Every structure is written in structure tokens, then in C-alpha cells.
file target00.pdb (PDB, C-alpha atoms (C1' of nucleotides))
MODEL        1
ATOM      1  CA  MET P   1       4.142  73.423  59.579
ATOM      2  CA  ALA P   2       2.777  70.837  57.200
ATOM      3  CA  ALA P   3       1.084  67.594  58.221
ATOM      4  CA  PRO P   4       3.266  64.486  58.261
ATOM      5  CA  LEU P   5       3.287  62.592  54.999
ATOM      6  CA  ARG P   6       1.733  59.622  56.770
ATOM      7  CA  ASP P   7      -1.378  61.629  57.528
ATOM      8  CA  ILE P   8      -1.502  63.105  54.049
ATOM      9  CA  LEU P   9      -1.252  59.719  52.374
ATOM     10  CA  GLN P  10      -3.937  58.373  54.659
ATOM     11  CA  GLU P  11      -6.212  61.288  53.841
ATOM     12  CA  VAL P  12      -5.594  60.863  50.128
ATOM     13  CA  PHE P  13      -6.548  57.227  50.367
ATOM     14  CA  ASP P  14      -9.649  57.961  52.424
ATOM     15  CA  ARG P  15     -10.844  60.635  50.046
ATOM     16  CA  LEU P  16     -10.313  58.480  46.978
ATOM     17  CA  PHE P  17     -11.902  55.448  48.561
ATOM     18  CA  SER P  18     -14.915  57.451  49.709
ATOM     19  CA  ALA P  19     -15.336  58.889  46.244
ATOM     20  CA  TYR P  20     -14.826  55.742  44.198
ATOM     21  CA  GLY P  21     -15.140  52.739  46.509
ATOM     22  CA  PRO P  22     -13.321  49.432  46.060
ATOM     23  CA  GLN P  23     -11.858  49.022  42.566
ATOM     24  CA  ASN P  24     -11.637  45.213  42.610
ATOM     25  CA  TRP P  25      -8.280  45.021  40.894
ATOM     26  CA  TRP P  26      -6.784  43.193  39.101
ATOM     27  CA  PRO P  27      -9.589  42.443  36.612
ATOM     28  CA  ALA P  28      -8.572  38.870  35.708
ATOM     29  CA  GLU P  29      -9.745  35.302  36.146
ATOM     30  CA  SER P  30      -6.356  33.909  37.099
ATOM     31  CA  SER P  31      -2.959  35.062  38.260
ATOM     32  CA  PHE P  32      -1.521  34.021  34.909
ATOM     33  CA  GLU P  33      -3.974  36.361  33.249
ATOM     34  CA  VAL P  34      -2.578  39.106  35.482
ATOM     35  CA  LEU P  35       0.928  38.431  34.178
ATOM     36  CA  VAL P  36      -0.200  38.637  30.588
ATOM     37  CA  GLY P  37      -2.324  41.717  31.206
ATOM     38  CA  ALA P  38       0.530  43.476  32.983
ATOM     39  CA  VAL P  39       2.612  43.361  29.818
ATOM     40  CA  LEU P  40      -0.239  44.112  27.454
ATOM     41  CA  VAL P  41      -1.387  47.189  29.346
ATOM     42  CA  GLN P  42       1.929  49.026  29.035
ATOM     43  CA  ASN P  43       1.031  52.534  27.909
ATOM     44  CA  THR P  44      -2.263  51.226  26.619
ATOM     45  CA  ASN P  45      -5.941  51.616  27.335
ATOM     46  CA  TRP P  46      -7.288  48.674  29.340
ATOM     47  CA  LYS P  47     -10.219  48.324  26.943
ATOM     48  CA  ASN P  48      -7.804  47.335  24.200
ATOM     49  CA  VAL P  49      -6.123  44.841  26.483
ATOM     50  CA  GLU P  50      -9.462  43.189  27.178
ATOM     51  CA  ARG P  51      -9.920  42.448  23.490
ATOM     52  CA  ALA P  52      -6.467  40.958  23.248
ATOM     53  CA  ILE P  53      -7.017  38.758  26.289
ATOM     54  CA  ARG P  54     -10.387  37.720  24.944
ATOM     55  CA  ASN P  55      -8.668  36.588  21.763
ATOM     56  CA  LEU P  56      -6.161  34.520  23.695
ATOM     57  CA  LYS P  57      -8.889  32.970  25.787
ATOM     58  CA  LYS P  58     -11.100  32.191  22.845
ATOM     59  CA  ALA P  59      -8.191  30.543  21.079
ATOM     60  CA  GLY P  60      -7.432  28.531  24.218
ATOM     61  CA  TYR P  61      -3.919  29.883  24.673
ATOM     62  CA  LEU P  62      -4.225  31.561  28.040
ATOM     63  CA  GLU P  63      -2.088  29.001  29.826
ATOM     64  CA  PRO P  64       1.674  29.122  30.452
ATOM     65  CA  GLU P  65       2.653  26.059  28.401
ATOM     66  CA  LYS P  66       0.420  26.781  25.461
ATOM     67  CA  LEU P  67       1.339  30.426  25.240
ATOM     68  CA  TYR P  68       5.011  29.652  25.540
ATOM     69  CA  HIS P  69       4.919  27.267  22.598
ATOM     70  CA  LEU P  70       2.780  29.499  20.409
ATOM     71  CA  PRO P  71       4.914  30.999  17.598
ATOM     72  CA  GLU P  72       5.644  34.641  18.208
ATOM     73  CA  GLU P  73       3.966  35.792  14.986
ATOM     74  CA  GLU P  74       0.728  34.041  15.882
ATOM     75  CA  LEU P  75       0.859  35.461  19.361
ATOM     76  CA  ALA P  76       1.357  38.919  17.908
ATOM     77  CA  GLU P  77      -1.729  38.576  15.715
ATOM     78  CA  LEU P  78      -3.884  37.525  18.647
ATOM     79  CA  ILE P  79      -2.815  40.448  20.793
ATOM     80  CA  ARG P  80      -2.967  42.990  17.987
ATOM     81  CA  PRO P  81      -5.801  45.016  19.589
ATOM     82  CA  ALA P  82      -3.544  45.844  22.536
ATOM     83  CA  GLY P  83      -1.217  47.888  20.325
ATOM     84  CA  TYR P  84       2.590  47.580  20.102
ATOM     85  CA  PHE P  85       1.696  43.994  19.312
ATOM     86  CA  ARG P  86       5.045  42.865  17.909
ATOM     87  CA  VAL P  87       6.975  44.335  20.812
ATOM     88  CA  LYS P  88       4.570  42.914  23.318
ATOM     89  CA  ALA P  89       4.644  39.453  21.764
ATOM     90  CA  ARG P  90       8.400  39.499  22.249
ATOM     91  CA  ARG P  91       8.082  40.764  25.809
ATOM     92  CA  LEU P  92       5.534  38.130  26.715
ATOM     93  CA  LYS P  93       7.796  35.438  25.343
ATOM     94  CA  ASN P  94      10.659  36.775  27.440
ATOM     95  CA  LEU P  95       8.529  36.652  30.565
ATOM     96  CA  LEU P  96       7.217  33.187  29.767
ATOM     97  CA  ARG P  97      10.748  31.937  29.312
ATOM     98  CA  LEU P  98      11.519  32.711  32.947
ATOM     99  CA  LEU P  99       8.243  31.240  34.139
ATOM    100  CA  LEU P 100       8.640  28.012  32.190
ATOM    101  CA  GLU P 101      12.344  27.399  32.350
ATOM    102  CA  LYS P 102      12.963  28.397  35.933
ATOM    103  CA  TYR P 103       9.629  27.656  37.599
ATOM    104  CA  GLY P 104       8.174  24.946  35.401
ATOM    105  CA  GLY P 105       5.238  27.153  34.460
ATOM    106  CA  SER P 106       4.004  27.292  38.035
ATOM    107  CA  LEU P 107       3.129  30.714  39.401
ATOM    108  CA  ALA P 108       2.912  29.265  42.884
ATOM    109  CA  ARG P 109       6.494  28.106  42.559
ATOM    110  CA  MET P 110       7.557  31.431  41.155
ATOM    111  CA  PHE P 111       6.054  33.378  44.018
ATOM    112  CA  ARG P 112       7.688  31.071  46.510
ATOM    113  CA  GLN P 113      10.896  32.809  45.518
ATOM    114  CA  GLN P 114      12.111  35.622  47.788
ATOM    115  CA  PRO P 115      10.240  38.758  46.632
ATOM    116  CA  GLN P 116      13.411  40.821  46.272
ATOM    117  CA  LYS P 117      15.093  38.136  44.193
ATOM    118  CA  LEU P 118      12.010  37.621  42.070
ATOM    119  CA  ARG P 119      11.681  41.342  41.515
ATOM    120  CA  HIS P 120      15.284  41.436  40.384
ATOM    121  CA  GLU P 121      14.719  38.504  38.043
ATOM    122  CA  LEU P 122      11.703  40.177  36.506
ATOM    123  CA  LEU P 123      13.640  43.387  35.957
ATOM    124  CA  GLN P 124      16.307  41.467  34.054
ATOM    125  CA  ILE P 125      13.725  40.546  31.446
ATOM    126  CA  LYS P 126      13.707  42.716  28.332
ATOM    127  CA  GLY P 127      10.363  44.473  28.349
ATOM    128  CA  ILE P 128       9.660  44.246  32.069
ATOM    129  CA  GLY P 129      10.267  47.553  33.802
ATOM    130  CA  PRO P 130       9.597  48.584  37.393
ATOM    131  CA  GLU P 131       5.863  49.159  37.049
ATOM    132  CA  THR P 132       5.205  45.904  35.236
ATOM    133  CA  ALA P 133       7.344  43.969  37.704
ATOM    134  CA  ASP P 134       5.622  45.505  40.702
ATOM    135  CA  SER P 135       2.182  44.944  39.172
ATOM    136  CA  ILE P 136       2.989  41.267  38.798
ATOM    137  CA  LEU P 137       4.310  40.998  42.353
ATOM    138  CA  LEU P 138       1.357  42.835  43.869
ATOM    139  CA  TYR P 139      -1.587  41.764  41.762
ATOM    140  CA  ALA P 140      -0.572  38.218  40.919
ATOM    141  CA  GLY P 141       1.603  37.405  43.925
ATOM    142  CA  HIS P 142      -0.101  39.506  46.614
ATOM    143  CA  ILE P 143       3.280  40.766  47.704
ATOM    144  CA  PRO P 144       3.129  44.183  49.416
ATOM    145  CA  THR P 145       5.119  46.202  46.917
ATOM    146  CA  PHE P 146       3.782  49.608  45.914
ATOM    147  CA  VAL P 147       3.065  50.179  42.231
ATOM    148  CA  VAL P 148       3.838  53.635  40.861
ATOM    149  CA  ASP P 149       2.531  54.927  37.552
ATOM    150  CA  THR P 150       2.213  58.184  35.641
ATOM    151  CA  TYR P 151      -0.883  59.172  37.566
ATOM    152  CA  THR P 152       0.990  58.716  40.820
ATOM    153  CA  TYR P 153       3.604  61.163  39.529
ATOM    154  CA  ARG P 154       0.997  63.632  38.419
ATOM    155  CA  VAL P 155      -1.053  63.640  41.588
ATOM    156  CA  MET P 156       1.893  63.641  43.985
ATOM    157  CA  SER P 157       3.840  66.368  42.237
ATOM    158  CA  ARG P 158       0.816  68.477  41.445
ATOM    159  CA  HIS P 159       0.041  68.664  45.154
ATOM    160  CA  GLY P 160       3.597  69.437  46.139
ATOM    161  CA  TRP P 161       4.063  66.146  47.983
ATOM    162  CA  ALA P 162       6.876  65.041  45.731
ATOM    163  CA  PRO P 163       9.303  66.838  43.400
ATOM    164  CA  PHE P 164       8.360  66.994  39.744
ATOM    165  CA  ASP P 165      11.494  65.103  38.856
ATOM    166  CA  SER P 166      10.935  62.219  41.271
ATOM    167  CA  ASP P 167      11.968  58.898  39.853
ATOM    168  CA  TYR P 168      10.088  55.632  40.195
ATOM    169  CA  TYR P 169      11.968  54.399  43.239
ATOM    170  CA  SER P 170      11.786  57.582  45.263
ATOM    171  CA  LEU P 171       8.011  57.634  44.887
ATOM    172  CA  LYS P 172       7.736  53.938  45.637
ATOM    173  CA  GLU P 173       9.838  54.386  48.772
ATOM    174  CA  LEU P 174       7.791  57.357  49.821
ATOM    175  CA  PHE P 175       4.660  55.209  49.944
ATOM    176  CA  GLU P 176       6.262  52.136  51.413
ATOM    177  CA  ALA P 177       7.891  54.168  54.174
ATOM    178  CA  ASN P 178       4.608  55.745  55.169
ATOM    179  CA  LEU P 179       2.081  52.946  54.779
ATOM    180  CA  ARG P 180       1.796  49.581  56.454
ATOM    181  CA  PRO P 181       2.951  46.844  54.072
ATOM    182  CA  ASP P 182      -0.524  45.561  53.359
ATOM    183  CA  PRO P 183      -1.085  44.084  49.889
ATOM    184  CA  GLN P 184      -4.772  44.880  50.018
ATOM    185  CA  LEU P 185      -4.045  48.511  50.867
ATOM    186  CA  TYR P 186      -1.437  48.805  48.101
ATOM    187  CA  ASN P 187      -3.803  47.106  45.689
ATOM    188  CA  GLU P 188      -6.594  49.567  46.310
ATOM    189  CA  TYR P 189      -4.348  52.599  46.534
ATOM    190  CA  HIS P 190      -2.773  52.141  43.128
ATOM    191  CA  ALA P 191      -6.108  51.336  41.492
ATOM    192  CA  LEU P 192      -7.614  54.471  43.004
ATOM    193  CA  PHE P 193      -4.755  56.587  41.652
ATOM    194  CA  VAL P 194      -5.500  55.283  38.185
ATOM    195  CA  GLN P 195      -9.179  56.022  38.622
ATOM    196  CA  VAL P 196      -8.710  59.599  39.811
ATOM    197  CA  GLY P 197      -6.028  60.211  37.236
ATOM    198  CA  LYS P 198      -8.117  59.046  34.315
ATOM    199  CA  LYS P 199     -11.013  61.133  35.493
ATOM    200  CA  HIS P 200      -9.248  64.361  36.324
ATOM    201  CA  CYS P 201      -5.599  64.672  35.342
ATOM    202  CA  ARG P 202      -6.358  65.425  31.696
ATOM    203  CA  THR P 203      -9.691  67.155  32.023
ATOM    204  CA  VAL P 204     -10.195  70.888  31.777
ATOM    205  CA  PRO P 205     -10.313  72.436  34.227
ATOM    206  CA  ARG P 206      -8.140  69.705  35.603
ATOM    207  CA  CYS P 207      -9.107  69.646  39.246
ATOM    208  CA  GLU P 208     -12.798  70.461  38.905
ATOM    209  CA  GLY P 209     -14.709  68.010  41.084
ATOM    210  CA  CYS P 210     -11.639  65.976  41.930
ATOM    211  CA  PRO P 211     -11.909  64.333  45.359
ATOM    212  CA  LEU P 212      -8.427  65.672  46.098
ATOM    213  CA  ALA P 213      -9.150  69.253  45.027
ATOM    214  CA  ALA P 214      -9.573  70.369  48.648
ATOM    215  CA  MET P 215      -6.003  69.243  49.295
ATOM    216  CA  LEU P 216      -4.433  71.414  46.594
ATOM    217  CA  PRO P 217      -1.967  74.038  47.763
ATOM    218  CA  PRO P 218      -3.287  77.627  47.469
ATOM    219  CA  GLU P 219      -0.951  78.296  44.553
ATOM    220  CA  GLY P 220       0.068  74.892  43.379
ATOM    221  CA  PRO P 221       3.121  74.345  41.243
ATOM    222  CA  LEU P 222       1.708  73.835  37.798
ATOM    223  CA  ARG P 223       2.800  71.865  34.812
ATOM    224  CA  PRO P 224       0.571  72.805  31.936
ATOM    225  CA  GLU P 225       0.631  69.310  30.512
ATOM    226  CA  TRP P 226      -0.238  67.732  33.856
TER     227      TRP P 226
ATOM    228  C1'  DT E 227     -10.703  64.182  14.458
ATOM    229  C1'  DG E 228      -6.805  64.298  16.830
ATOM    230  C1'  DC E 229      -5.148  63.055  21.182
ATOM    231  C1'  DC E 230      -4.414  59.738  24.436
ATOM    232  C1'  DA E 231      -3.842  55.286  27.022
ATOM    233  C1'  DG E 232      -2.464  51.428  33.914
ATOM    234  C1'  DG E 233       5.745  51.709  29.740
ATOM    235  C1'  DC E 234      10.001  50.316  28.210
ATOM    236  C1'  DC E 235      13.970  49.995  25.246
ATOM    237  C1'  DG E 236      17.835  51.495  22.456
ATOM    238  C1'  DG E 237      20.551  54.840  20.284
ATOM    239  C1'  DG E 238      22.260  59.432  20.212
ATOM    240  C1'  DT E 239      24.341  63.394  22.591
TER     241       DT E 239
ATOM    242  C1'  DA S 240      23.701  60.757  32.828
ATOM    243  C1'  DC S 241      19.961  62.441  30.285
ATOM    244  C1'  DC S 242      16.920  62.894  26.173
ATOM    245  C1'  DC S 243      14.234  61.261  22.525
ATOM    246  C1'  DG S 244      12.040  58.533  18.999
ATOM    247  C1'  DG S 245       9.853  54.149  18.204
ATOM    248  C1'  DC S 246       6.375  51.001  19.111
ATOM    249  C1'  DA S 247       0.268  50.721  17.374
ATOM    250  C1'  DT S 248      -4.542  49.877  18.233
ATOM    251  C1'  DG S 249      -9.156  51.553  19.396
ATOM    252  C1'  DG S 250     -12.036  54.939  22.272
ATOM    253  C1'  DC S 251     -13.759  59.356  23.036
TER     254       DC S 251
ENDMDL
END
call {"tool": "encode", "arguments": {"input": "target00.pdb", "output": "C-alpha cells"}}
result
Amino acid sequence: MAAPLRDILQEVFDRLFSAYGPQNWWPAESSFEVLVGAVLVQNTNWKNVERAIRNLKKAGYLEPEKLYHLPEEELAELIRPAGYFRVKARRLKNLLRLLLEKYGGSLARMFRQQPQKLRHELLQIKGIGPETADSILLYAGHIPTFVVDTYTYRVMSRHGWAPFDSDYYSLKELFEANLRPDPQLYNEYHALFVQVGKKHCRTVPRCEGCPLAAMLPPEGPLRPEW
DNA sequence: TGCCAGGCCGGGT
DNA sequence: ACCCGGCATGGC
């Protein structure tokens, strides 16, 4: 009889935290910078995002009003290093429209909204999906909502703790049902998943030296690409 | 030197 | 309801 998921998730966290320590996420100087970074980092290396944000900062545009009024083409040029720069310029504009028109450019005002309603509003925006929305809520708003990403899928399914075809919400629920709703815990947990995933999920042999290797099933279900 | 990165959307079955 | 191509730069 297997251990309860609560215990497993606790052990996973403990092992990752022991191995890597606090990750100090989100790497940003302001909550607005978190918003911008959350869009820019979609399917993109964080290093590239840093360059893009540096450009915005250097040009003095890393403020809601200024960024909102910057023409989309100019915005695109500044964020070029982040990749998908035309798409992301559009997506940023869409997000800024909500922030400016509904909340007067004030993040404090935005996060005063009921989390569920705000989450729904964010998901209405073209270019904001579940992970980006949850990242904004957690890392900019300190709202205890669990952020799932590809590494979460890989680790959880690889270990047999979730089906390979889990969708975003089932995984999110799995964590939120088994962890106390603590923004600091969710913050660290997600960041640690990214860390372990980057280090091990694509290396060969994949699980060599992984802090979670001891928790692998004897004959784990394998997906060659994961 | 290819392969990959902290997704999401839209169009086609 | 899926499935898939498109989007793009820079690092290793």
C-alpha cells in the first residue's frame, strides 16, 4: 500500500529543498516586472528574458503607463531577445489593457480583486494561459495558487504520481488538495520543480544524481522523450 | 551544431 | 474533443 500523496509531496519538497535550497523567486525588482516577465518567459529561456527586461529598463519603459502607451512595434523591438517578440508584444499589450483600463495601472488595486475573479479575468486575455495567470497571482500577488509547468508534468508522471495525460487543472488540484495554501510554500515548490527539471529531465541518463531518484518506482513508466 | 527553453493560440480534422 | 503548426531568439 502506497504512502498518501500528502507524504509523498512533502518528501519531494524536502528532498528538492535540501538539494537546492531557497530559489528566491521571482527574480524581479517589482511586481510589475513579474507581470512582464511572466509573459516574456513563455516557452523561453529565462536568460533571454533578462536581456529583454534589461532593454525595457534601460529605455525607461518598465512602468505600466509608459509601457501601455509605447507603440507595439517599438515594444516588440525592445523585447526581441525574448523570442516570439511580435506575439509577446501583443500579449503584453493585452495584459496592460486590463491593468490600465480596469485598475488604473495599480497592481495593488488589481490584487484587491477576488483571486478567483482576477484569475478568470486574466484567462480571458489573449495570450494569458493558466500557467502565466497563476504565475502572476502567486509571484506578483502572493496569492496561494499552485503553478504547474512542463517540469511538473514530467516529474509527477515519471514517478507514477499522476497519469501521463493529466491536464493542467488536475495537477494543480492535486497539489492544492494536499498542501497547505501557503504562498511561500507554493513559491518555493514550483521554483524547485523548474530547477530539478532543468538539471535532470533532459539529461542522459535522465535520473542520474537527481535528488528524487531514490523515489523512482522499481520499473517506472517511461516516456523516451521525458 | 542542432536542440531546447519557466506556453498559448488558431485552424484543421 | 483532440492534434498540430506557428511563433523566434540566444545558450549550451
call {"tool": "residues_around", "arguments": {"input": "target00.pdb", "residues": "DC235 in chain E", "least_positions_apart": "5", "cutoff": "12 Å", "atoms": "only C-alpha atoms (C1' of nucleotides)", "output": "list in words"}}
result
Val87, Lys88, Arg91, Ile125, Lys126, Gly127, Ile128 and Gly129 of chain P; DC243, DG244, DG245 and DC246 of chain S
call {"tool": "atom_distance", "arguments": {"input": "target00.pdb", "atom1": "CA of Arg158 in chain P", "atom2": "CA of Ile8 in chain P"}}
result
13.9 Å
call {"tool": "resolve_selection", "arguments": {"input": "target00.pdb", "expression": "the PyMOL selection byres ((chain P and resi 170-180) around 12)", "output": "ChimeraX atom specification"}}
result
/P:4-13,130-131,134,144-157,161-169,181-186,189-190
call {"tool": "atom_distance", "arguments": {"input": "target00.pdb", "atom1": "CA of Leu100 in chain P", "atom2": "CA of Phe32 in chain P"}}
result
12.1 Å
call {"tool": "interface_residues", "arguments": {"input": "target00.pdb", "of": "chain S", "to": "chain P", "cutoff": "12 Å", "atoms": "all atoms listed in the file", "output": "number ranges by chain"}}
result
S: 245-251
call {"tool": "closest_atom_pairs", "arguments": {"input": "target00.pdb", "of": "chain E", "to": "chain P", "cutoff": "6 Å", "atoms": "all atoms listed in the file", "output": "tab-separated table"}}
result
residue	atom	partner	partner_atom	distance
E:DA231	C1'	P:Asn45	CA	4.2
E:DG233	C1'	P:Gln42	CA	4.7
E:DC234	C1'	P:Gly127	CA	5.9
call {"tool": "resolve_selection", "arguments": {"input": "target00.pdb", "expression": "the PyMOL selection byres ((chain P and resi 31) around 9)", "output": "PDB file with C-alpha atoms, in the coordinates of the input"}}
result
ATOM      1  CA  ALA P  28      -8.572  38.870  35.708  1.00  0.00           C
ATOM      2  CA  GLU P  29      -9.745  35.302  36.146  1.00  0.00           C
ATOM      3  CA  SER P  30      -6.356  33.909  37.099  1.00  0.00           C
ATOM      4  CA  PHE P  32      -1.521  34.021  34.909  1.00  0.00           C
ATOM      5  CA  GLU P  33      -3.974  36.361  33.249  1.00  0.00           C
ATOM      6  CA  VAL P  34      -2.578  39.106  35.482  1.00  0.00           C
ATOM      7  CA  LEU P  35       0.928  38.431  34.178  1.00  0.00           C
ATOM      8  CA  VAL P  36      -0.200  38.637  30.588  1.00  0.00           C
ATOM      9  CA  LEU P 107       3.129  30.714  39.401  1.00  0.00           C
ATOM     10  CA  ILE P 136       2.989  41.267  38.798  1.00  0.00           C
ATOM     11  CA  TYR P 139      -1.587  41.764  41.762  1.00  0.00           C
ATOM     12  CA  ALA P 140      -0.572  38.218  40.919  1.00  0.00           C
ATOM     13  CA  GLY P 141       1.603  37.405  43.925  1.00  0.00           C
TER      14      GLY P 141
END
call {"tool": "residues_around", "arguments": {"input": "target00.pdb", "residues": "range 66-76 of chain P", "least_positions_apart": "5", "cutoff": "7 Å", "atoms": "only C-alpha atoms (C1' of nucleotides)", "output": "list in words"}}
result
Tyr61, Phe85, Arg86, Ala89, Arg90, Lys93 and Leu96 of chain P
call {"tool": "write_last_selection", "arguments": {"input": "target00.pdb", "atoms": "C-alpha atoms", "output": "mmCIF file, in the frame of the given file"}}
result
data_model
loop_
_atom_site.group_PDB
_atom_site.id
_atom_site.type_symbol
_atom_site.label_atom_id
_atom_site.label_comp_id
_atom_site.auth_asym_id
_atom_site.auth_seq_id
_atom_site.Cartn_x
_atom_site.Cartn_y
_atom_site.Cartn_z
ATOM 1 C CA TYR P 61 -3.919 29.883 24.673
ATOM 2 C CA PHE P 85 1.696 43.994 19.312
ATOM 3 C CA ARG P 86 5.045 42.865 17.909
ATOM 4 C CA ALA P 89 4.644 39.453 21.764
ATOM 5 C CA ARG P 90 8.400 39.499 22.249
ATOM 6 C CA LYS P 93 7.796 35.438 25.343
ATOM 7 C CA LEU P 96 7.217 33.187 29.767
#
call {"tool": "atom_distance", "arguments": {"input": "target00.pdb", "atom1": "CA of Arg97 in chain P", "atom2": "CA of Met110 in chain P"}}
result
12.3 Å
call {"tool": "resolve_selection", "arguments": {"input": "target00.pdb", "expression": "the PyMOL selection byres ((chain E and resi 239) around 12)", "output": "short mmCIF file (atom, residue, chain, number, x, y, z; two decimals) with C-alpha atoms (C1' of nucleotides), in the coordinates of the input"}}
result
data_model
loop_
_atom_site.label_atom_id
_atom_site.label_comp_id
_atom_site.auth_asym_id
_atom_site.auth_seq_id
_atom_site.Cartn_x
_atom_site.Cartn_y
_atom_site.Cartn_z
"C1'" DG E 237 20.55 54.84 20.28
"C1'" DG E 238 22.26 59.43 20.21
"C1'" DA S 240 23.70 60.76 32.83
"C1'" DC S 241 19.96 62.44 30.28
"C1'" DC S 242 16.92 62.89 26.17
"C1'" DC S 243 14.23 61.26 22.52
#
call {"tool": "build_atoms", "arguments": {"input": "target00.pdb", "residues": "range 1-14 of chain P", "atoms": "N, CA and C atoms", "output": "tab-separated table (two decimals), in the coordinates of the input"}}
result
chain	number	residue	atom	x	y	z
P	1	MET	N	3.49	74.74	59.64
P	1	MET	CA	4.14	73.42	59.58
P	1	MET	C	3.19	72.40	58.99
P	2	ALA	N	3.65	71.74	57.97
P	2	ALA	CA	2.78	70.84	57.20
P	2	ALA	C	2.51	69.54	57.95
P	3	ALA	N	1.43	68.89	57.61
P	3	ALA	CA	1.08	67.59	58.22
P	3	ALA	C	2.11	66.55	57.79
P	4	PRO	N	2.36	65.57	58.64
P	4	PRO	CA	3.27	64.49	58.26
P	4	PRO	C	2.75	63.76	57.03
P	5	LEU	N	3.66	63.27	56.24
P	5	LEU	CA	3.29	62.59	55.00
P	5	LEU	C	2.37	61.39	55.27
P	6	ARG	N	2.60	60.74	56.39
P	6	ARG	CA	1.73	59.62	56.77
P	6	ARG	C	0.27	60.03	56.76
P	7	ASP	N	0.01	61.16	57.42
P	7	ASP	CA	-1.38	61.63	57.53
P	7	ASP	C	-1.92	62.03	56.17
P	8	ILE	N	-1.07	62.68	55.39
P	8	ILE	CA	-1.50	63.10	54.05
P	8	ILE	C	-1.87	61.89	53.20
P	9	LEU	N	-0.99	60.90	53.20
P	9	LEU	CA	-1.25	59.72	52.37
P	9	LEU	C	-2.50	58.98	52.85
P	10	GLN	N	-2.72	58.99	54.13
P	10	GLN	CA	-3.94	58.37	54.66
P	10	GLN	C	-5.17	59.15	54.19
P	11	GLU	N	-5.08	60.46	54.26
P	11	GLU	CA	-6.21	61.29	53.84
P	11	GLU	C	-6.49	61.13	52.35
P	12	VAL	N	-5.43	61.08	51.57
P	12	VAL	CA	-5.59	60.86	50.13
P	12	VAL	C	-6.35	59.57	49.89
P	13	PHE	N	-5.88	58.52	50.55
P	13	PHE	CA	-6.55	57.23	50.37
P	13	PHE	C	-8.01	57.30	50.78
P	14	ASP	N	-8.27	57.89	51.94
P	14	ASP	CA	-9.65	57.96	52.42
P	14	ASP	C	-10.56	58.73	51.47
